[in-house]
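**Student:** Provided herewith: input.csv, CSV, C-alpha atoms and all ligand atoms.
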chain,number,residue,atom,x,y,z
A,1225,MET,CA,0.0,0.0,0.0
A,1226,THR,CA,1.3,3.5,-0.8
A,1227,THR,CA,1.6,5.9,2.1
A,1228,ILE,CA,0.2,9.3,1.2
A,1229,THR,CA,1.8,12.2,2.9
A,1230,THR,CA,0.1,15.5,2.9
A,1231,PRO,CA,2.4,18.3,1.6
A,1232,GLN,CA,2.9,20.8,4.3
A,1233,PRO,CA,2.9,24.6,3.7
A,1234,PRO,CA,6.6,25.7,3.6
A,1235,THR,CA,8.1,27.7,6.3
A,1236,THR,CA,9.2,31.0,4.7
A,1237,PRO,CA,10.7,33.4,7.2
A,1238,PRO,CA,8.9,36.7,7.5
A,1239,ARG,CA,10.8,39.5,5.8
A,1240,SER,CA,12.1,40.8,9.2
A,1241,THR,CA,14.0,37.5,9.8
A,1242,GLN,CA,15.5,37.1,6.3
A,1243,PRO,CA,19.3,37.5,6.0
A,1244,ARG,CA,20.3,41.1,6.8
A,1245,SER,CA,23.4,43.1,7.4
A,1246,PRO,CA,24.4,43.9,11.0
A,1247,GLU,CA,22.7,47.3,10.4
A,1248,GLY,CA,19.4,45.5,9.6
A,1249,VAL,CA,19.6,46.2,5.8
A,1250,PRO,CA,18.4,43.3,3.6
A,1251,LEU,CA,21.1,41.5,1.8
A,1252,ALA,CA,21.1,41.1,-2.0
A,1253,VAL,CA,22.5,37.6,-1.8
A,1254,TRP,CA,19.9,35.0,-1.0
A,1255,PRO,CA,21.1,31.5,0.1
A,1256,VAL,CA,18.2,29.5,-1.4
A,1257,ALA,CA,20.1,26.2,-1.8
A,1258,GLN,CA,20.9,25.3,1.7
A,1259,ARG,CA,18.9,22.2,0.8
A,1260,THR,CA,19.1,20.6,-2.7
A,1261,ALA,CA,16.4,21.2,-5.2
A,1262,GLN,CA,15.3,17.5,-4.8
A,1263,TRP,CA,14.9,18.0,-1.1
A,1264,GLN,CA,13.0,21.2,-1.5
A,1265,ARG,CA,10.4,19.3,-3.6
A,1266,ALA,CA,10.5,15.9,-1.8
A,1267,GLY,CA,7.1,15.0,-0.3
A,1268,ARG,CA,5.6,18.2,-1.6
A,1269,TYR,CA,5.7,18.2,-5.4
A,1270,LEU,CA,4.5,15.3,-7.6
A,1271,PRO,CA,7.6,13.1,-8.4
A,1272,GLU,CA,6.8,13.5,-12.2
A,1273,CYS,CA,7.8,17.2,-11.9
A,1274,ALA,CA,11.4,15.9,-12.2
A,1275,ARG,CA,10.8,15.5,-15.9
A,1276,HIS,CA,10.7,19.2,-16.6
A,1277,PRO,CA,14.2,20.4,-17.7
A,1278,GLY,CA,14.3,23.9,-16.1
A,1279,LYS,CA,12.4,24.4,-12.9
A,1280,MET,CA,12.7,27.3,-10.4
A,1281,LEU,CA,14.0,26.4,-6.9
A,1282,PRO,CA,10.9,26.4,-4.6
A,1283,GLU,CA,12.8,28.4,-2.0
A,1284,LEU,CA,13.7,31.1,-4.5
A,1285,ALA,CA,10.1,31.3,-5.7
A,1286,ARG,CA,8.9,31.7,-2.1
A,1287,ARG,CA,11.5,34.4,-1.3
A,1288,ILE,CA,10.6,36.4,-4.4
A,1289,ILE,CA,6.9,36.2,-3.6
A,1290,ALA,CA,7.3,37.1,0.1
A,1291,GLU,CA,9.6,40.0,-0.7
A,1292,TYR,CA,7.8,41.6,-3.6
A,1293,CYS,CA,4.0,41.3,-2.9
A,1294,GLU,CA,1.6,41.1,0.0
A,1295,PRO,CA,-0.8,38.3,0.9
A,1296,GLY,CA,-3.9,38.6,-1.2
A,1297,ALA,CA,-1.9,40.0,-4.2
A,1298,LEU,CA,-2.3,38.7,-7.8
A,1299,VAL,CA,0.8,36.9,-9.0
A,1300,VAL,CA,1.3,35.9,-12.7
A,1301,ASP,CA,3.9,33.7,-14.3
A,1302,PRO,CA,3.7,33.8,-18.1
A,1303,LEU,CA,6.3,31.0,-18.6
A,1304,ALA,CA,5.0,28.8,-15.8
A,1305,GLY,CA,6.4,25.3,-16.5
A,1306,ILE,CA,5.2,22.8,-13.9
A,1307,GLY,CA,3.9,25.8,-11.8
A,1308,THR,CA,6.4,26.2,-9.0
A,1309,THR,CA,5.6,29.9,-8.7
A,1310,LEU,CA,1.9,29.2,-8.7
A,1311,ALA,CA,2.0,26.6,-6.0
A,1312,GLU,CA,4.3,28.6,-3.7
A,1313,ALA,CA,2.2,31.8,-4.2
A,1314,ALA,CA,-1.0,30.0,-3.2
A,1315,LEU,CA,0.7,28.5,-0.2
A,1316,LEU,CA,1.7,32.0,0.8
A,1317,GLU,CA,-2.0,33.2,0.4
A,1318,ARG,CA,-1.5,35.0,-2.9
A,1319,ARG,CA,-3.7,34.4,-6.0
A,1320,ALA,CA,-1.7,33.0,-8.9
A,1321,VAL,CA,-2.3,32.6,-12.7
A,1322,GLY,CA,0.2,30.8,-14.9
A,1323,VAL,CA,0.5,30.5,-18.6
A,1324,GLU,CA,2.4,27.7,-20.3
A,1325,LEU,CA,2.8,26.8,-24.0
A,1326,GLU,CA,3.2,23.0,-23.8
A,1327,ALA,CA,0.2,20.9,-23.1
A,1328,ARG,CA,2.2,18.3,-21.2
A,1329,TRP,CA,3.5,20.8,-18.7
A,1330,VAL,CA,0.0,22.4,-18.3
A,1331,ARG,CA,-1.4,19.0,-17.4
A,1332,LEU,CA,1.4,18.4,-15.0
A,1333,ALA,CA,1.2,21.8,-13.4
A,1334,ALA,CA,-2.6,21.3,-12.9
A,1335,ALA,CA,-2.1,17.9,-11.4
A,1336,ASN,CA,0.7,19.2,-9.1
A,1337,LEU,CA,-1.5,22.1,-7.9
A,1338,ASP,CA,-4.3,19.5,-7.1
A,1339,HIS,CA,-1.6,17.5,-5.2
A,1340,MET,CA,-0.1,20.4,-3.3
A,1341,LEU,CA,-3.0,22.7,-2.5
A,1342,GLU,CA,-5.7,21.6,-0.1
A,1343,GLY,CA,-9.2,23.0,0.3
A,1344,GLY,CA,-9.6,26.7,-0.5
A,1345,ARG,CA,-6.0,27.1,-1.4
A,1346,ARG,CA,-6.5,25.2,-4.6
A,1347,ASP,CA,-8.9,27.9,-5.8
A,1348,LEU,CA,-6.1,30.4,-5.5
A,1349,ALA,CA,-4.0,29.0,-8.3
A,1350,GLU,CA,-4.7,28.2,-11.9
A,1351,ILE,CA,-2.7,27.4,-15.1
A,1352,ARG,CA,-3.8,28.4,-18.6
A,1353,ARG,CA,-2.4,27.1,-21.9
A,1354,GLY,CA,-1.2,29.8,-24.3
A,1355,ASP,CA,1.7,31.8,-25.6
A,1356,ALA,CA,3.2,34.3,-23.1
A,1357,ARG,CA,3.3,36.9,-25.9
A,1358,ASP,CA,-0.5,36.8,-25.8
A,1359,LEU,CA,-0.7,37.4,-22.0
A,1360,PRO,CA,-3.1,40.4,-22.1
A,1361,ALA,CA,-5.7,38.4,-24.1
A,1362,ILE,CA,-5.2,35.3,-22.0
A,1363,LEU,CA,-5.7,37.2,-18.7
A,1364,GLY,CA,-8.7,39.0,-20.0
A,1365,ASP,CA,-10.3,41.1,-17.2
A,1366,LEU,CA,-7.3,40.6,-14.9
A,1367,CYS,CA,-5.3,42.8,-17.2
A,1368,GLY,CA,-4.0,45.9,-15.4
A,1369,ARG,CA,-4.6,44.3,-12.0
A,1370,VAL,CA,-1.5,42.1,-11.6
A,1371,ASP,CA,0.7,43.0,-8.6
A,1372,LEU,CA,3.7,40.8,-9.4
A,1373,VAL,CA,4.9,39.0,-12.5
A,1374,VAL,CA,7.6,36.4,-11.5
A,1375,THR,CA,9.1,34.2,-14.1
A,1376,SER,CA,12.1,32.4,-15.4
A,1377,PRO,CA,12.5,32.4,-19.2
A,1378,PRO,CA,13.8,29.3,-21.0
A,1379,TYR,CA,17.2,29.5,-22.7
A,1380,ALA,CA,19.1,26.9,-24.6
A,1381,CYS,CA,18.0,24.1,-22.4
A,1382,ASP,CA,20.1,21.0,-22.7
A,1383,ALA,CA,19.8,19.4,-19.3
A,1384,GLY,CA,17.7,16.3,-18.7
A,1385,MET,CA,16.5,14.2,-15.8
A,1386,ILE,CA,19.0,11.6,-14.9
A,1387,ASP,CA,17.6,8.0,-14.6
A,1388,LYS,CA,20.5,6.2,-13.0
A,1389,GLN,CA,18.7,2.9,-12.6
A,1390,ALA,CA,17.9,2.8,-16.3
A,1391,TRP,CA,21.5,3.7,-17.1
A,1392,LEU,CA,22.9,1.0,-14.8
A,1393,ALA,CA,20.6,-1.5,-16.6
A,1394,GLY,CA,22.2,-0.5,-19.9
A,1395,GLY,CA,19.6,2.0,-21.0
A,1396,ARG,CA,19.8,5.8,-21.6
A,1397,LEU,CA,21.1,8.1,-18.9
A,1398,CYS,CA,18.2,10.5,-19.6
A,1399,PRO,CA,14.7,9.8,-20.8
A,1400,PRO,CA,14.6,11.7,-24.2
A,1401,ASP,CA,11.4,13.6,-23.4
A,1402,THR,CA,13.1,15.3,-20.4
A,1403,LEU,CA,16.1,16.6,-22.4
A,1404,ASN,CA,14.5,19.6,-23.9
A,1405,TYR,CA,11.2,21.3,-24.7
A,1406,SER,CA,8.9,20.1,-27.6
A,1407,THR,CA,9.8,20.9,-31.2
A,1408,ASP,CA,7.2,23.6,-31.3
A,1409,ARG,CA,9.1,26.7,-32.6
A,1410,ALA,CA,6.9,28.9,-30.5
A,1411,ASN,CA,8.7,27.5,-27.5
A,1412,LEU,CA,11.3,30.2,-26.7
A,1413,GLY,CA,13.6,27.5,-25.5
A,1414,HIS,CA,14.6,27.1,-29.2
A,1415,ALA,CA,15.2,30.8,-30.0
A,1416,ARG,CA,18.7,32.1,-30.1
A,1417,GLY,CA,20.5,35.4,-30.5
A,1418,PRO,CA,18.3,38.2,-32.1
A,1419,ALA,CA,15.3,35.9,-32.4
A,1420,TYR,CA,15.4,35.2,-28.6
A,1421,ALA,CA,15.8,38.9,-27.9
A,1422,SER,CA,12.9,40.0,-30.0
A,1423,ALA,CA,10.6,37.2,-28.6
A,1424,MET,CA,11.5,38.1,-25.0
A,1425,ALA,CA,10.9,41.8,-25.8
A,1426,GLU,CA,7.3,40.8,-26.7
A,1427,VAL,CA,7.0,38.9,-23.5
A,1428,TYR,CA,8.1,41.9,-21.4
A,1429,ALA,CA,5.8,44.2,-23.3
A,1430,ALA,CA,3.0,41.8,-22.5
A,1431,CYS,CA,4.0,41.8,-18.8
A,1432,HIS,CA,4.0,45.6,-18.8
A,1433,ALA,CA,0.5,45.6,-20.3
A,1434,VAL,CA,-1.0,43.4,-17.5
A,1435,LEU,CA,0.7,44.9,-14.5
A,1436,ARG,CA,-0.9,47.6,-12.5
A,1437,PRO,CA,1.1,50.9,-12.1
A,1438,GLY,CA,3.7,50.2,-9.4
A,1439,GLY,CA,3.5,46.5,-10.0
A,1440,ARG,CA,6.7,44.5,-10.0
A,1441,LEU,CA,8.4,42.3,-12.6
A,1442,VAL,CA,11.0,39.8,-11.2
A,1443,VAL,CA,12.9,37.7,-13.7
A,1444,VAL,CA,15.2,34.8,-12.8
A,1445,THR,CA,18.0,34.0,-15.3
A,1446,LYS,CA,21.2,32.1,-15.3
A,1447,ASN,CA,24.2,33.1,-17.3
A,1448,THR,CA,25.4,30.2,-19.4
A,1449,ARG,CA,28.4,29.4,-21.5
A,1450,ARG,CA,28.5,28.5,-25.2
A,1451,LYS,CA,31.6,27.8,-27.1
A,1452,GLY,CA,33.8,29.3,-24.5
A,1453,ARG,CA,31.7,32.5,-24.2
A,1454,THR,CA,29.5,33.7,-21.4
A,1455,LEU,CA,26.0,34.6,-22.4
A,1456,ASP,CA,25.0,37.5,-20.2
A,1457,LEU,CA,21.2,36.8,-19.9
A,1458,ALA,CA,20.9,39.1,-16.9
A,1459,GLY,CA,22.3,42.0,-18.8
A,1460,LEU,CA,20.0,41.3,-21.8
A,1461,THR,CA,17.0,41.0,-19.5
A,1462,VAL,CA,17.7,44.5,-18.1
A,1463,THR,CA,18.1,45.9,-21.6
A,1464,LEU,CA,14.8,44.3,-22.9
A,1465,ALA,CA,12.7,45.1,-19.8
A,1466,THR,CA,13.8,48.8,-19.7
A,1467,GLN,CA,13.1,49.1,-23.4
A,1468,ALA,CA,9.6,47.7,-22.7
A,1469,GLY,CA,9.1,50.6,-20.2
A,1470,PHE,CA,10.1,49.1,-16.9
A,1471,ALA,CA,12.2,50.9,-14.3
A,1472,TYR,CA,15.1,48.8,-13.2
A,1473,LEU,CA,15.1,48.6,-9.4
A,1474,GLY,CA,17.9,46.1,-8.6
A,1475,HIS,CA,19.6,42.8,-8.8
A,1476,VAL,CA,19.7,40.0,-6.3
A,1477,ILE,CA,22.0,37.0,-6.4
A,1478,ALA,CA,20.3,33.7,-5.7
A,1479,LEU,CA,23.1,31.5,-4.4
A,1480,HIS,CA,23.0,28.0,-5.7
A,1481,ALA,CA,25.5,26.8,-3.2
A,1482,ALA,CA,25.0,25.8,0.5
A,1483,ILE,CA,26.9,27.6,3.2
A,1484,ARG,CA,28.6,25.1,5.4
A,1485,ASP,CA,31.0,26.1,8.2
A,1486,GLY,CA,32.0,29.2,6.3
A,1487,ASP,CA,32.5,27.4,3.0
A,1488,LEU,CA,30.4,27.3,-0.1
A,1489,VAL,CA,29.3,23.8,-1.2
A,1490,ALA,CA,28.2,24.0,-4.9
A,1491,ARG,CA,25.0,22.4,-6.1
A,1492,PRO,CA,25.8,22.0,-9.8
A,1493,SER,CA,23.8,19.7,-12.1
A,1494,TYR,CA,25.7,16.8,-13.6
A,1495,TRP,CA,25.6,18.6,-16.9
A,1496,GLN,CA,27.1,21.8,-15.6
A,1497,THR,CA,30.0,19.8,-14.0
A,1498,VAL,CA,30.6,18.0,-17.3
A,1499,GLN,CA,30.6,21.3,-19.3
A,1500,VAL,CA,33.0,23.0,-17.0
A,1501,ARG,CA,35.3,20.0,-16.9
A,1502,HIS,CA,35.4,19.9,-20.7
A,1503,ALA,CA,36.0,23.6,-21.0
A,1504,ARG,CA,38.9,23.4,-18.6
A,1505,GLU,CA,40.3,20.5,-20.6
A,1506,ARG,CA,40.2,22.8,-23.7
A,1507,GLY,CA,42.1,25.4,-21.7
A,1508,GLU,CA,39.2,27.7,-21.1
A,1509,PRO,CA,39.3,29.1,-17.6
A,1510,ALA,CA,35.6,28.3,-16.9
A,1511,HIS,CA,34.0,28.1,-13.4
A,1512,LEU,CA,30.8,26.6,-12.2
A,1513,VAL,CA,28.1,29.3,-12.2
A,1514,ALA,CA,26.9,29.0,-8.6
A,1515,HIS,CA,24.1,31.6,-8.7
A,1516,GLU,CA,21.1,32.8,-10.6
A,1517,ASP,CA,20.4,36.4,-11.3
A,1518,VAL,CA,17.2,37.9,-10.0
A,1519,THR,CA,16.5,41.2,-11.8
A,1520,VAL,CA,13.7,43.4,-10.3
A,1521,PHE,CA,11.7,46.0,-12.1
A,1522,SER,CA,8.7,48.2,-11.5
A,1523,ARG,CA,6.0,49.2,-13.9
A,1524,PRO,CA,5.8,53.0,-13.6
A,1525,ALA,CA,2.6,55.0,-13.9
A,1526,THR,CA,2.4,56.2,-17.5
A,1527,THR,CA,-0.9,57.9,-18.2
A,1528,LEU,CA,-2.0,61.2,-16.5
A,1529,LYS,CA,-4.7,59.3,-14.7
A,1530,GLU,CA,-2.3,56.6,-13.4
A,1531,ILE,CA,0.1,59.4,-12.2
A,1532,ALA,CA,-2.7,61.2,-10.5
A,1533,ASP,CA,-4.0,57.9,-8.9
A,1534,ALA,CA,-0.5,57.1,-7.6
A,1535,ARG,CA,-0.3,60.5,-5.7
A,1601,LIG,C1,12.5,27.9,-17.5
A,1601,LIG,S1,11.0,27.1,-17.7
A,1601,LIG,C2,10.0,27.8,-16.3
A,1601,LIG,C3,9.9,26.8,-15.3
A,1601,LIG,C4,9.0,27.2,-14.1
A,1601,LIG,N1,9.5,28.4,-13.4
A,1601,LIG,C5,8.9,26.1,-13.1
A,1601,LIG,O1,9.4,26.1,-12.0
A,1601,LIG,O2,8.3,25.1,-13.5
A,1601,LIG,C6,10.3,28.0,-19.0
A,1601,LIG,C7,8.9,27.5,-19.5
A,1601,LIG,O3,8.5,28.4,-20.5
A,1601,LIG,C8,7.7,27.6,-21.4
A,1601,LIG,N2,7.6,28.4,-22.7
A,1601,LIG,C9,8.5,28.5,-23.7
A,1601,LIG,N3,8.0,29.3,-24.6
A,1601,LIG,C10,6.8,29.7,-24.2
A,1601,LIG,C11,5.8,30.6,-24.8
A,1601,LIG,N4,6.0,31.2,-26.0
A,1601,LIG,N5,4.7,30.9,-24.1
A,1601,LIG,C12,4.5,30.2,-22.9
A,1601,LIG,N6,5.4,29.4,-22.3
A,1601,LIG,C13,6.5,29.1,-23.0
A,1601,LIG,C14,8.5,26.3,-21.6
A,1601,LIG,O4,7.8,25.3,-22.1
A,1601,LIG,C15,9.0,26.1,-20.1
A,1601,LIG,O5,8.1,25.3,-19.4
What would the structure in this file look like if it were written as structure tokens?
Ligand SMILES: C[S@@+](CC[C@H](N)C(=O)[O-])C[C@H]1O[C@@H](n2cnc3c(N)ncnc32)[C@H](O)[C@@H]1O
**Tutor:**
Amino acid sequence: MTTITTPQPPTTPPRSTQPRSPEGVPLAVWPVAQRTAQWQRAGRYLPECARHPGKMLPELARRIIAEYCEPGALVVDPLAGIGTTLAEAALLERRAVGVELEARWVRLAAANLDHMLEGGRRDLAEIRRGDARDLPAILGDLCGRVDLVVTSPPYACDAGMIDKQAWLAGGRLCPPDTLNYSTDRANLGHARGPAYASAMAEVYAACHAVLRPGGRLVVVTKNTRRKGRTLDLAGLTVTLATQAGFAYLGHVIALHAAIRDGDLVARPSYWQTVQVRHARERGEPAHLVAHEDVTVFSRPATTLKEIADAR
């Protein structure tokens, strides 16, 4: 017989107890990987969620939501994946709507929300299928009322779920359907260079259209390396979001390493480790990227009425 454990609401420290300087000023480095990603999800998320190739750390989603909006706020994720941000938002008493292009992740996100959210909390979160660039039409009458958009865009995804048992039995190391997104070209995970920049510019314009004046946009990206060069996704995000009309408020480092006895213990994926090892063998002085970039923006009031209302 299977034992069913009820997922417990996470314990997110209230803002006042989050890491601060000795003067009481909040720190811009968040240690969100004291526990591994697997441990953060264990017993809470459906095990099938492991099949998605690029999920947000639950502790990072919680930290962003607790920091940048109040209970009762409306949170939107236009690139929602398996719905980490939606589940964590609902557990923190926010209302959440996610949009995801791929039907398989929409189904998994909905099943995961059913699994994680009990009673009235389930009504707080929903996932809709669509293209993030159509966000205003997808949100309908919620447009202009969103308090926080929190999201992590796909980029050049090439990490898959490791199935060690299958591998030891002579099979593949990774189930092929976990290695990347679908072949749908509308999936921004396939866009590169200028095509990626112009697609993400449309996404940020759509986010701007749905946020209320003063609402926040928080984007999580990770700088990657290709052919020996670093791709500065955080820098590109700042450029694109400011061009879409956002004010750039700041940058937080989400540390993907545990702090143990004053040392950093990295939490790299198998793929990252392999990539860096190969780069160093080629003579490239690569390092493990042990953080994600959290860039924070606000949607200023633009019309005369919005400016007057904000006073
Ligand atoms: C980095 S993942 C986000 C994962 C999510 N934060 C989570 O924890 O599950 C990006 C997601 O964007 C989706 N996506 C890509 N292009 C999209 C588009 N045009 N519209 C909506 N979703 C899209 C991908 O299928 C993928 O699930």
**Student:** Within 6 Å of ligand LIG 1601 (chain A), counting all atoms listed in the file, which protein or nucleic acid residues do you find, written as a list in words?
**Tutor:**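 Protein and nucleic-acid residues within 6 Å of ligand LIG 1601 (chain A): Gly1278, Lys1279, Met1280, Leu1303, Ala1304, Gly1305, Ile1306, Gly1307, Thr1308, Val1323, Glu1324, Leu1325, Glu1326, Gly1354, Asp1355, Ala1356, Thr1375, Ser1376, Pro1377, Pro1378, Tyr1405, Ala1410, Asn1411, Leu1412 and Gly1413 of chain A.
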**Student:** Using only C-alpha atoms, can you tell me which of A:Arg1501, A:His1475, A:His1511, A:Arg1268 comes closest to Met1340 of chain A?
**Tutor:**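 Among the listed residues, A:Arg1268 lies closest to Met1340 of chain A.
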**Student:** Could you pull the residues within 7 Å of Pro1295 of chain A, counting only C-alpha atoms, minus those fewer than 6 positions along the same chain, as a PDB file with C-alpha atoms, in the frame of the given file?
**Tutor:**
ATOM      1  CA  LEU A1316       1.700  32.000   0.800  1.00  0.00           C
ATOM      2  CA  GLU A1317      -2.000  33.200   0.400  1.00  0.00           C
ATOM      3  CA  ARG A1318      -1.500  35.000  -2.900  1.00  0.00           C
TER       4      ARG A1318
END
**Student:** Separation of atom CA of Arg1328 of chain A and atom CA of Ala1425 of chain A, in Å?
**Tutor:**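 Separation between atom CA of Arg1328 of chain A and atom CA of Ala1425 of chain A: 25.5 Å.
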**Student:** Of the residues A:Tyr1292, A:Glu1516, A:Pro1509, A:Ala1429, which is the one nearest to Leu1473 of chain A, using all atoms listed in the file?
**Tutor:**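 Comparing A:Tyr1292, A:Glu1516, A:Pro1509, A:Ala1429 against Leu1473 of chain A, the winner is A:Tyr1292.
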**Student:** Can you pull out every residue within 12 Å of Glu1530 of chain A, counting all atoms listed in the file, but drop anything in the same chain fewer than 3 positions away, and send it as a short mmCIF file (atom, residue, chain, number, x, y, z; two decimals) with C-alpha atoms, in the frame of the given file?
**Tutor:**
data_model
loop_
_atom_site.label_atom_id
_atom_site.label_comp_id
_atom_site.auth_asym_id
_atom_site.auth_seq_id
_atom_site.Cartn_x
_atom_site.Cartn_y
_atom_site.Cartn_z
CA GLY A 1368 -4.00 45.90 -15.40
CA ARG A 1436 -0.90 47.60 -12.50
CA PRO A 1437 1.10 50.90 -12.10
CA GLY A 1438 3.70 50.20 -9.40
CA ARG A 1523 6.00 49.20 -13.90
CA PRO A 1524 5.80 53.00 -13.60
CA ALA A 1525 2.60 55.00 -13.90
CA THR A 1526 2.40 56.20 -17.50
CA THR A 1527 -0.90 57.90 -18.20
CA ASP A 1533 -4.00 57.90 -8.90
CA ALA A 1534 -0.50 57.10 -7.60
CA ARG A 1535 -0.30 60.50 -5.70
#
**Student:** For Asn1447 of chain A, please output as a PyMOL selection string all residues within 9 Å (counting all atoms listed in the file; exclusion window: fewer than 2 positions along the same chain).
**Tutor:** chain A and resi 1445+1449+1454-1458+1513+1515-1517
**Student:** Those residues you just picked out, can you put them in a file as a PDB file, in the frame of the given file with C-alpha atoms?
**Tutor:**
ATOM      1  CA  THR A1445      18.000  34.000 -15.300  1.00  0.00           C
ATOM      2  CA  ARG A1449      28.400  29.400 -21.500  1.00  0.00           C
ATOM      3  CA  THR A1454      29.500  33.700 -21.400  1.00  0.00           C
ATOM      4  CA  LEU A1455      26.000  34.600 -22.400  1.00  0.00           C
ATOM      5  CA  ASP A1456      25.000  37.500 -20.200  1.00  0.00           C
ATOM      6  CA  LEU A1457      21.200  36.800 -19.900  1.00  0.00           C
ATOM      7  CA  ALA A1458      20.900  39.100 -16.900  1.00  0.00           C
ATOM      8  CA  VAL A1513      28.100  29.300 -12.200  1.00  0.00           C
ATOM      9  CA  HIS A1515      24.100  31.600  -8.700  1.00  0.00           C
ATOM     10  CA  GLU A1516      21.100  32.800 -10.600  1.00  0.00           C
ATOM     11  CA  ASP A1517      20.400  36.400 -11.300  1.00  0.00           C
TER      12      ASP A1517
END
**Student:** Using only C-alpha atoms for the distances, tell me which of A:Leu1372, A:Ala1257, A:Ala1393, A:Leu1332 is nearest to Arg1491 of chain A.
**Tutor:**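 Between A:Leu1372, A:Ala1257, A:Ala1393, A:Leu1332, the residue approaching Arg1491 of chain A most closely is A:Ala1257.
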**Student:** Which distance in Å separates atom CA of Leu1479 of chain A and atom CA of Pro1243 of chain A, to one decimal?
**Tutor:**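 Going from atom CA of Leu1479 of chain A over to atom CA of Pro1243 of chain A, I get 12.6 Å.
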**Student:** For Phe1470 of chain A, work out the shell of residues within 6 Å, counting all atoms listed in the file and skipping chain neighbours fewer than 3 positions away, then give it as a compact mmCIF listing (two decimals) with C-alpha atoms, keeping the file's coordinate frame.
**Tutor:**
# COMPACT_ATOMS: atom_id res chain seq x y z
CA ALA A 1465 12.70 45.10 -19.80
CA THR A 1466 13.80 48.80 -19.70
CA PHE A 1521 11.70 46.00 -12.10
CA SER A 1522 8.70 48.20 -11.50
CA ARG A 1523 6.00 49.20 -13.90
**Student:** Mind pulling up the distance from atom CA of Arg1416 of chain A to atom CA of Val1520 of chain A?
**Tutor:**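 Calculated distance between atom CA of Val1520 of chain A and atom CA of Arg1416 of chain A is 23.3 Å.
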**Student:** Return the single residue from A:Ala1327, A:Leu1464, A:Leu1284, A:Leu1435 that is closest to Pro1255 of chain A, with distances computed using only C-alpha atoms.
**Tutor:** A:Leu1284
**Student:** Which residue, A:Pro1250, A:Gly1343, A:Gly1417, A:Gly1469, has the smallest gap to Leu1441 of chain A when you use only C-alpha atoms?
**Tutor:** A:Gly1469
**Student:** Could you list, as a ChimeraX atom specification, every residue within 7 Å of Ala1481 of chain A, counting all atoms listed in the file and ignoring same-chain residues fewer than 6 positions away?
**Tutor:** /A:1257-1258,1488-1491,1514
**Student:** Which one is closest to Asp1371 of chain A: A:Cys1273, A:Ile1483, A:Val1299, A:Thr1260? Count all atoms listed in the file.
**Tutor:** A:Val1299
